[in-house]
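Have a look at structure00.pdb; it's PDB, C-alpha atoms:
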```
ATOM      1  CA  MET A   1     -67.517 -54.338 -44.889
ATOM      2  CA  GLU A   2     -64.219 -52.450 -44.720
ATOM      3  CA  LEU A   3     -62.001 -53.799 -47.484
ATOM      4  CA  GLN A   4     -58.670 -53.320 -45.754
ATOM      5  CA  ASP A   5     -56.128 -55.610 -44.114
ATOM      6  CA  THR A   6     -56.020 -55.111 -40.343
ATOM      7  CA  PRO A   7     -53.335 -55.771 -37.703
ATOM      8  CA  GLU A   8     -53.895 -58.768 -35.431
ATOM      9  CA  GLU A   9     -51.587 -60.989 -33.411
ATOM     10  CA  TRP A  10     -52.581 -64.348 -31.957
ATOM     11  CA  ARG A  11     -50.884 -65.456 -28.739
ATOM     12  CA  VAL A  12     -47.576 -67.320 -29.076
ATOM     13  CA  VAL A  13     -46.771 -69.682 -26.211
ATOM     14  CA  ALA A  14     -43.328 -70.800 -27.418
ATOM     15  CA  THR A  15     -40.855 -69.732 -30.094
ATOM     16  CA  THR A  16     -37.506 -71.009 -31.359
ATOM     17  CA  THR A  17     -35.123 -70.129 -34.202
ATOM     18  CA  PRO A  18     -33.883 -73.441 -35.650
ATOM     19  CA  PHE A  19     -31.948 -71.712 -38.454
ATOM     20  CA  GLN A  20     -30.094 -68.390 -38.576
ATOM     21  CA  GLY A  21     -28.729 -67.349 -41.958
ATOM     22  CA  ASN A  22     -26.759 -64.370 -43.190
ATOM     23  CA  LYS A  23     -29.794 -62.221 -44.019
ATOM     24  CA  THR A  24     -32.815 -64.297 -43.004
ATOM     25  CA  SER A  25     -33.764 -66.921 -40.436
ATOM     26  CA  VAL A  26     -36.422 -69.554 -39.812
ATOM     27  CA  ARG A  27     -38.664 -69.218 -36.756
ATOM     28  CA  THR A  28     -40.974 -71.801 -35.198
ATOM     29  CA  ASP A  29     -43.923 -70.437 -33.191
ATOM     30  CA  ASP A  30     -46.520 -72.357 -31.196
ATOM     31  CA  VAL A  31     -49.664 -70.294 -31.823
ATOM     32  CA  VAL A  32     -52.945 -70.464 -29.915
ATOM     33  CA  MET A  33     -55.837 -70.982 -32.345
ATOM     34  CA  PRO A  34     -59.360 -69.504 -31.855
ATOM     35  CA  ASP A  35     -60.628 -72.803 -30.400
ATOM     36  CA  GLY A  36     -57.829 -72.877 -27.811
ATOM     37  CA  THR A  37     -55.683 -75.512 -29.494
ATOM     38  CA  VAL A  38     -52.019 -74.836 -30.229
ATOM     39  CA  ALA A  39     -50.604 -75.165 -33.737
ATOM     40  CA  ARG A  40     -46.960 -75.004 -34.770
ATOM     41  CA  ARG A  41     -46.042 -72.580 -37.556
ATOM     42  CA  ASP A  42     -42.639 -72.410 -39.290
ATOM     43  CA  TYR A  43     -41.812 -69.314 -41.317
ATOM     44  CA  GLN A  44     -38.936 -67.335 -42.752
ATOM     45  CA  VAL A  45     -38.062 -64.080 -40.967
ATOM     46  CA  HIS A  46     -37.075 -61.490 -43.565
ATOM     47  CA  PRO A  47     -35.828 -57.881 -43.234
ATOM     48  CA  GLY A  48     -38.038 -56.640 -46.068
ATOM     49  CA  SER A  49     -37.290 -55.495 -49.601
ATOM     50  CA  VAL A  50     -37.792 -52.742 -52.114
ATOM     51  CA  ALA A  51     -38.274 -52.967 -55.876
ATOM     52  CA  VAL A  52     -38.288 -50.347 -58.615
ATOM     53  CA  LEU A  53     -40.385 -50.261 -61.757
ATOM     54  CA  ALA A  54     -38.286 -47.746 -63.696
ATOM     55  CA  LEU A  55     -40.170 -46.349 -66.695
ATOM     56  CA  ASP A  56     -38.430 -44.321 -69.402
ATOM     57  CA  GLU A  57     -39.857 -41.679 -71.755
ATOM     58  CA  GLN A  58     -40.560 -44.323 -74.408
ATOM     59  CA  ASP A  59     -42.804 -46.260 -72.003
ATOM     60  CA  ARG A  60     -40.209 -48.976 -71.565
ATOM     61  CA  VAL A  61     -39.467 -50.711 -68.268
ATOM     62  CA  LEU A  62     -35.879 -51.295 -67.178
ATOM     63  CA  LEU A  63     -35.349 -55.030 -66.617
ATOM     64  CA  LEU A  64     -32.612 -57.335 -65.372
ATOM     65  CA  LYS A  65     -32.261 -61.030 -66.124
ATOM     66  CA  GLN A  66     -30.734 -62.919 -63.220
ATOM     67  CA  TYR A  67     -30.190 -66.547 -62.210
ATOM     68  CA  ARG A  68     -32.309 -67.628 -59.237
ATOM     69  CA  HIS A  69     -31.033 -70.884 -57.816
ATOM     70  CA  PRO A  70     -34.096 -72.015 -55.786
ATOM     71  CA  VAL A  71     -36.249 -72.141 -58.957
ATOM     72  CA  ARG A  72     -33.377 -73.074 -61.318
ATOM     73  CA  GLN A  73     -34.251 -70.332 -63.786
ATOM     74  CA  LYS A  74     -32.959 -67.040 -65.106
ATOM     75  CA  LEU A  75     -35.799 -64.610 -64.481
ATOM     76  CA  TRP A  76     -36.574 -61.225 -65.924
ATOM     77  CA  GLU A  77     -36.945 -58.895 -62.944
ATOM     78  CA  ILE A  78     -37.115 -55.242 -61.992
ATOM     79  CA  PRO A  79     -34.302 -53.848 -59.800
ATOM     80  CA  ALA A  80     -34.780 -54.895 -56.186
ATOM     81  CA  GLY A  81     -32.919 -55.482 -52.962
ATOM     82  CA  LEU A  82     -33.062 -55.952 -49.216
ATOM     83  CA  LEU A  83     -33.594 -53.332 -46.555
ATOM     84  CA  ASP A  84     -30.095 -53.731 -45.164
ATOM     85  CA  VAL A  85     -30.600 -51.686 -41.997
ATOM     86  CA  PRO A  86     -33.607 -51.926 -39.613
ATOM     87  CA  GLY A  87     -35.720 -48.801 -40.007
ATOM     88  CA  GLU A  88     -34.018 -47.846 -43.278
ATOM     89  CA  ASN A  89     -35.970 -45.394 -45.414
ATOM     90  CA  PRO A  90     -37.302 -47.552 -48.279
ATOM     91  CA  LEU A  91     -36.975 -44.734 -50.807
ATOM     92  CA  HIS A  92     -33.266 -44.435 -50.074
ATOM     93  CA  ALA A  93     -32.895 -48.200 -50.409
ATOM     94  CA  ALA A  94     -34.736 -48.167 -53.753
ATOM     95  CA  GLN A  95     -32.546 -45.365 -55.077
ATOM     96  CA  ARG A  96     -29.479 -47.352 -54.037
ATOM     97  CA  GLU A  97     -30.679 -50.514 -55.769
ATOM     98  CA  LEU A  98     -31.512 -48.683 -59.002
ATOM     99  CA  TYR A  99     -28.010 -47.212 -59.032
ATOM    100  CA  GLU A 100     -26.191 -50.420 -58.093
ATOM    101  CA  GLU A 101     -28.049 -52.766 -60.438
ATOM    102  CA  ALA A 102     -28.705 -50.504 -63.426
ATOM    103  CA  HIS A 103     -26.507 -47.404 -62.932
ATOM    104  CA  VAL A 104     -29.604 -45.238 -63.321
ATOM    105  CA  LYS A 105     -31.128 -42.431 -61.257
ATOM    106  CA  ALA A 106     -34.698 -41.088 -61.380
ATOM    107  CA  GLY A 107     -36.177 -37.657 -60.865
ATOM    108  CA  ASP A 108     -39.736 -38.708 -59.996
ATOM    109  CA  TRP A 109     -40.600 -41.365 -57.400
ATOM    110  CA  ARG A 110     -43.983 -42.693 -56.230
ATOM    111  CA  VAL A 111     -45.187 -45.725 -54.298
ATOM    112  CA  LEU A 112     -46.758 -48.163 -56.729
ATOM    113  CA  THR A 113     -47.881 -50.822 -54.241
ATOM    114  CA  ASP A 114     -46.948 -52.735 -51.061
ATOM    115  CA  VAL A 115     -47.148 -56.524 -50.874
ATOM    116  CA  TYR A 116     -46.357 -59.530 -48.708
ATOM    117  CA  THR A 117     -44.658 -61.992 -51.060
ATOM    118  CA  SER A 118     -45.720 -65.222 -49.343
ATOM    119  CA  PRO A 119     -47.544 -64.495 -46.064
ATOM    120  CA  GLY A 120     -48.289 -68.163 -45.364
ATOM    121  CA  GLY A 121     -44.611 -68.964 -44.932
ATOM    122  CA  CYS A 122     -42.584 -65.746 -44.842
ATOM    123  CA  ASP A 123     -42.960 -62.300 -43.278
ATOM    124  CA  GLU A 124     -41.219 -60.516 -46.187
ATOM    125  CA  ALA A 125     -42.822 -57.190 -47.037
ATOM    126  CA  VAL A 126     -41.952 -55.449 -50.309
ATOM    127  CA  ARG A 127     -42.559 -51.849 -51.335
ATOM    128  CA  ILE A 128     -42.616 -51.407 -55.115
ATOM    129  CA  PHE A 129     -41.837 -47.925 -56.393
ATOM    130  CA  LEU A 130     -42.573 -46.314 -59.736
ATOM    131  CA  ALA A 131     -39.531 -44.310 -60.898
ATOM    132  CA  ARG A 132     -39.677 -41.932 -63.863
ATOM    133  CA  ASP A 133     -37.555 -39.190 -65.399
ATOM    134  CA  LEU A 134     -34.618 -41.581 -65.767
ATOM    135  CA  ALA A 135     -31.008 -40.603 -66.412
ATOM    136  CA  GLU A 136     -27.640 -42.322 -66.297
ATOM    137  CA  ALA A 137     -26.038 -42.085 -62.847
ATOM    138  CA  GLY A 138     -22.957 -39.894 -62.890
ATOM    139  CA  ARG A 139     -20.939 -41.810 -60.306
ATOM    140  CA  GLU A 140     -18.662 -44.786 -60.921
ATOM    141  CA  ARG A 141     -20.412 -48.057 -61.597
ATOM    142  CA  PHE A 142     -21.029 -50.325 -58.619
ATOM    143  CA  GLU A 143     -18.872 -53.460 -58.664
ATOM    144  CA  VAL A 144     -21.152 -56.509 -58.862
ATOM    145  CA  SER A 145     -20.438 -60.117 -57.865
ATOM    146  CA  ASP A 146     -21.976 -63.614 -57.719
ATOM    147  CA  GLU A 147     -25.279 -63.903 -59.650
ATOM    148  CA  GLU A 148     -25.318 -60.173 -60.357
ATOM    149  CA  ALA A 149     -22.098 -60.445 -62.368
ATOM    150  CA  ASP A 150     -24.023 -62.450 -64.992
ATOM    151  CA  MET A 151     -27.024 -60.107 -65.268
ATOM    152  CA  GLU A 152     -28.464 -58.947 -68.568
ATOM    153  CA  LEU A 153     -30.119 -55.532 -68.874
ATOM    154  CA  ALA A 154     -32.951 -54.557 -71.217
ATOM    155  CA  ARG A 155     -35.687 -51.990 -71.687
ATOM    156  CA  VAL A 156     -39.006 -53.519 -72.703
ATOM    157  CA  PRO A 157     -42.302 -51.757 -73.574
ATOM    158  CA  LEU A 158     -44.841 -51.948 -70.761
ATOM    159  CA  ALA A 159     -47.508 -53.376 -73.077
ATOM    160  CA  GLU A 160     -45.208 -56.269 -73.991
ATOM    161  CA  LEU A 161     -44.632 -57.035 -70.326
ATOM    162  CA  VAL A 162     -48.368 -57.082 -69.597
ATOM    163  CA  ARG A 163     -48.784 -59.578 -72.429
ATOM    164  CA  GLY A 164     -45.904 -61.716 -71.124
ATOM    165  CA  VAL A 165     -47.272 -61.757 -67.583
ATOM    166  CA  LEU A 166     -50.737 -62.835 -68.683
ATOM    167  CA  ALA A 167     -49.271 -65.439 -71.036
ATOM    168  CA  GLY A 168     -47.399 -67.060 -68.147
ATOM    169  CA  GLU A 169     -43.992 -66.230 -69.619
ATOM    170  CA  LEU A 170     -42.791 -63.933 -66.806
ATOM    171  CA  HIS A 171     -42.888 -65.073 -63.177
ATOM    172  CA  ASN A 172     -40.915 -62.776 -60.885
ATOM    173  CA  ASN A 173     -43.251 -61.563 -58.158
ATOM    174  CA  CYS A 174     -42.179 -57.916 -58.130
ATOM    175  CA  LEU A 175     -42.213 -57.664 -61.910
ATOM    176  CA  VAL A 176     -45.685 -59.201 -62.178
ATOM    177  CA  VAL A 177     -47.176 -57.092 -59.391
ATOM    178  CA  GLY A 178     -45.433 -53.920 -60.530
ATOM    179  CA  VAL A 179     -46.402 -54.217 -64.192
ATOM    180  CA  LEU A 180     -50.046 -55.037 -63.513
ATOM    181  CA  SER A 181     -50.295 -52.356 -60.810
ATOM    182  CA  LEU A 182     -49.021 -49.698 -63.195
ATOM    183  CA  ALA A 183     -51.460 -50.845 -65.896
ATOM    184  CA  ALA A 184     -54.294 -50.716 -63.341
ATOM    185  CA  ALA A 185     -53.270 -47.271 -62.086
ATOM    186  CA  ARG A 186     -53.308 -45.905 -65.613
ATOM    187  CA  ALA A 187     -56.741 -47.400 -66.239
ATOM    188  CA  ALA A 188     -58.097 -45.822 -63.027
ATOM    189  CA  GLU A 189     -57.112 -42.370 -61.732
ATOM    190  CA  GLY A 190     -53.660 -42.239 -63.363
ATOM    191  CA  VAL A 191     -50.174 -42.401 -61.887
ATOM    192  CA  GLU A 192     -50.430 -38.876 -60.483
ATOM    193  CA  ALA A 193     -52.899 -40.284 -57.933
ATOM    194  CA  LEU A 194     -50.347 -42.799 -56.585
ATOM    195  CA  ARG A 195     -49.057 -42.348 -53.047
ATOM    196  CA  PRO A 196     -45.987 -40.141 -52.547
ATOM    197  CA  ALA A 197     -42.589 -41.800 -52.284
ATOM    198  CA  GLU A 198     -42.378 -41.145 -48.525
ATOM    199  CA  ALA A 199     -45.840 -42.577 -47.740
ATOM    200  CA  PRO A 200     -46.053 -44.476 -44.407
ATOM    201  CA  TRP A 201     -45.405 -48.224 -44.545
ATOM    202  CA  PRO A 202     -46.773 -49.965 -41.423
ATOM    203  CA  ALA A 203     -45.188 -53.296 -42.395
ATOM    204  CA  ARG A 204     -41.711 -51.743 -42.178
ATOM    205  CA  PRO A 205     -41.862 -48.441 -40.253
ATOM    206  CA  PHE A 206     -39.134 -45.929 -41.040
ATOM    207  CA  GLU A 207     -38.040 -42.387 -40.354
ATOM    208  CA  ALA A 208     -38.209 -39.946 -43.274
TER     209      ALA A 208
END
```
Since I need it in another form, could you write the structure as structure tokens?
Amino acid sequence: MELQDTPEEWRVVATTTPFQGNKTSVRTDDVVMPDGTVARRDYQVHPGSVAVLALDEQDRVLLLKQYRHPVRQKLWEIPAGLLDVPGENPLHAAQRELYEEAHVKAGDWRVLTDVYTSPGGCDEAVRIFLARDLAEAGRERFEVSDEEADMELARVPLAELVRGVLAGELHNNCLVVGVLSLAAARAAEGVEALRPAEAPWPARPFEA
């Protein structure tokens, strides 16, 4: 058995877009099932995202606390953002988000992991980077607005985040996946064995 996700696309006999938002939309597809029947599937169409687990020399992770209206909570998160342009290089997007949300730059970048956040109802793909060798960005600070204007910043030891994730105290998808992936990488071959920052990403192809 090959333990790897594989591309496959079942036939769609009809498709509509009942909702078109600013960044995402909702699509309805009539999909032919293996037995020949047709089932209707509604899902969110998403441009894709990047997230950054930024680790400093004291083994602390850079976090943001931000209000998320759909879940009515302020969540601790790692810096993240949308791929604003189709085909955008995800590394460039991650560097932009780290600067805009935390005013930080990093000298060492690697791919930590790639995930689909909710493949049963959304096609969002996220690439999570590990960023090290952190330094304050030298440019002017990015002007934030809306929920980002109320963000809190903190640096928290990785071990404390692992404990918080397993205790059910931290819930943001990218934070949970990023923290546990880094812990797993360290327990296996080490972070030096992680994929390079420009590694191919079939879910969101890009030009280097």
* **Atom pair atom CA of Glu160 of chain A / atom CA of Arg60 of chain A: separation (Å)** =>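 The value is 9.2 Å.
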* To do: Would you write out, as an MDAnalysis selection string, every residue that the PyMOL selection byres ((chain A and resi 32) around 8) captures in this file?
  => chainID A and resid 10:13 30:31 33:34 36:39
* Explicit residue set for the PyMOL selection byres ((chain A and resi 48) around 9), as a ChimeraX atom specification -> /A:46-47,49-50,81-84,123-127,203-204
Limited to C-alpha atoms, could you put the picked residues into a file as a PDB file, in the coordinates of the input?
```
ATOM      1  CA  HIS A  46     -37.075 -61.490 -43.565  1.00  0.00           C
ATOM      2  CA  PRO A  47     -35.828 -57.881 -43.234  1.00  0.00           C
ATOM      3  CA  SER A  49     -37.290 -55.495 -49.601  1.00  0.00           C
ATOM      4  CA  VAL A  50     -37.792 -52.742 -52.114  1.00  0.00           C
ATOM      5  CA  GLY A  81     -32.919 -55.482 -52.962  1.00  0.00           C
ATOM      6  CA  LEU A  82     -33.062 -55.952 -49.216  1.00  0.00           C
ATOM      7  CA  LEU A  83     -33.594 -53.332 -46.555  1.00  0.00           C
ATOM      8  CA  ASP A  84     -30.095 -53.731 -45.164  1.00  0.00           C
ATOM      9  CA  ASP A 123     -42.960 -62.300 -43.278  1.00  0.00           C
ATOM     10  CA  GLU A 124     -41.219 -60.516 -46.187  1.00  0.00           C
ATOM     11  CA  ALA A 125     -42.822 -57.190 -47.037  1.00  0.00           C
ATOM     12  CA  VAL A 126     -41.952 -55.449 -50.309  1.00  0.00           C
ATOM     13  CA  ARG A 127     -42.559 -51.849 -51.335  1.00  0.00           C
ATOM     14  CA  ALA A 203     -45.188 -53.296 -42.395  1.00  0.00           C
ATOM     15  CA  ARG A 204     -41.711 -51.743 -42.178  1.00  0.00           C
TER      16      ARG A 204
END
```
* To do: Find, counting only C-alpha atoms, the residue in A:Ala185, A:Ile78, A:Val26, A:Leu175 that gets nearest to Arg110 of chain A.
  => A:Ala185
Residues returned when the PyMOL selection byres ((chain A and resi 192) around 12) runs on this file, as a PDB file with C-alpha atoms, in the coordinates of the input:
```pdb
ATOM      1  CA  ASP A 108     -39.736 -38.708 -59.996  1.00  0.00           C
ATOM      2  CA  TRP A 109     -40.600 -41.365 -57.400  1.00  0.00           C
ATOM      3  CA  ARG A 110     -43.983 -42.693 -56.230  1.00  0.00           C
ATOM      4  CA  VAL A 111     -45.187 -45.725 -54.298  1.00  0.00           C
ATOM      5  CA  LEU A 112     -46.758 -48.163 -56.729  1.00  0.00           C
ATOM      6  CA  LEU A 130     -42.573 -46.314 -59.736  1.00  0.00           C
ATOM      7  CA  ARG A 132     -39.677 -41.932 -63.863  1.00  0.00           C
ATOM      8  CA  LEU A 182     -49.021 -49.698 -63.195  1.00  0.00           C
ATOM      9  CA  ALA A 185     -53.270 -47.271 -62.086  1.00  0.00           C
ATOM     10  CA  ARG A 186     -53.308 -45.905 -65.613  1.00  0.00           C
ATOM     11  CA  ALA A 188     -58.097 -45.822 -63.027  1.00  0.00           C
ATOM     12  CA  GLU A 189     -57.112 -42.370 -61.732  1.00  0.00           C
ATOM     13  CA  GLY A 190     -53.660 -42.239 -63.363  1.00  0.00           C
ATOM     14  CA  VAL A 191     -50.174 -42.401 -61.887  1.00  0.00           C
ATOM     15  CA  ALA A 193     -52.899 -40.284 -57.933  1.00  0.00           C
ATOM     16  CA  LEU A 194     -50.347 -42.799 -56.585  1.00  0.00           C
ATOM     17  CA  ARG A 195     -49.057 -42.348 -53.047  1.00  0.00           C
ATOM     18  CA  PRO A 196     -45.987 -40.141 -52.547  1.00  0.00           C
ATOM     19  CA  ALA A 197     -42.589 -41.800 -52.284  1.00  0.00           C
TER      20      ALA A 197
END
```
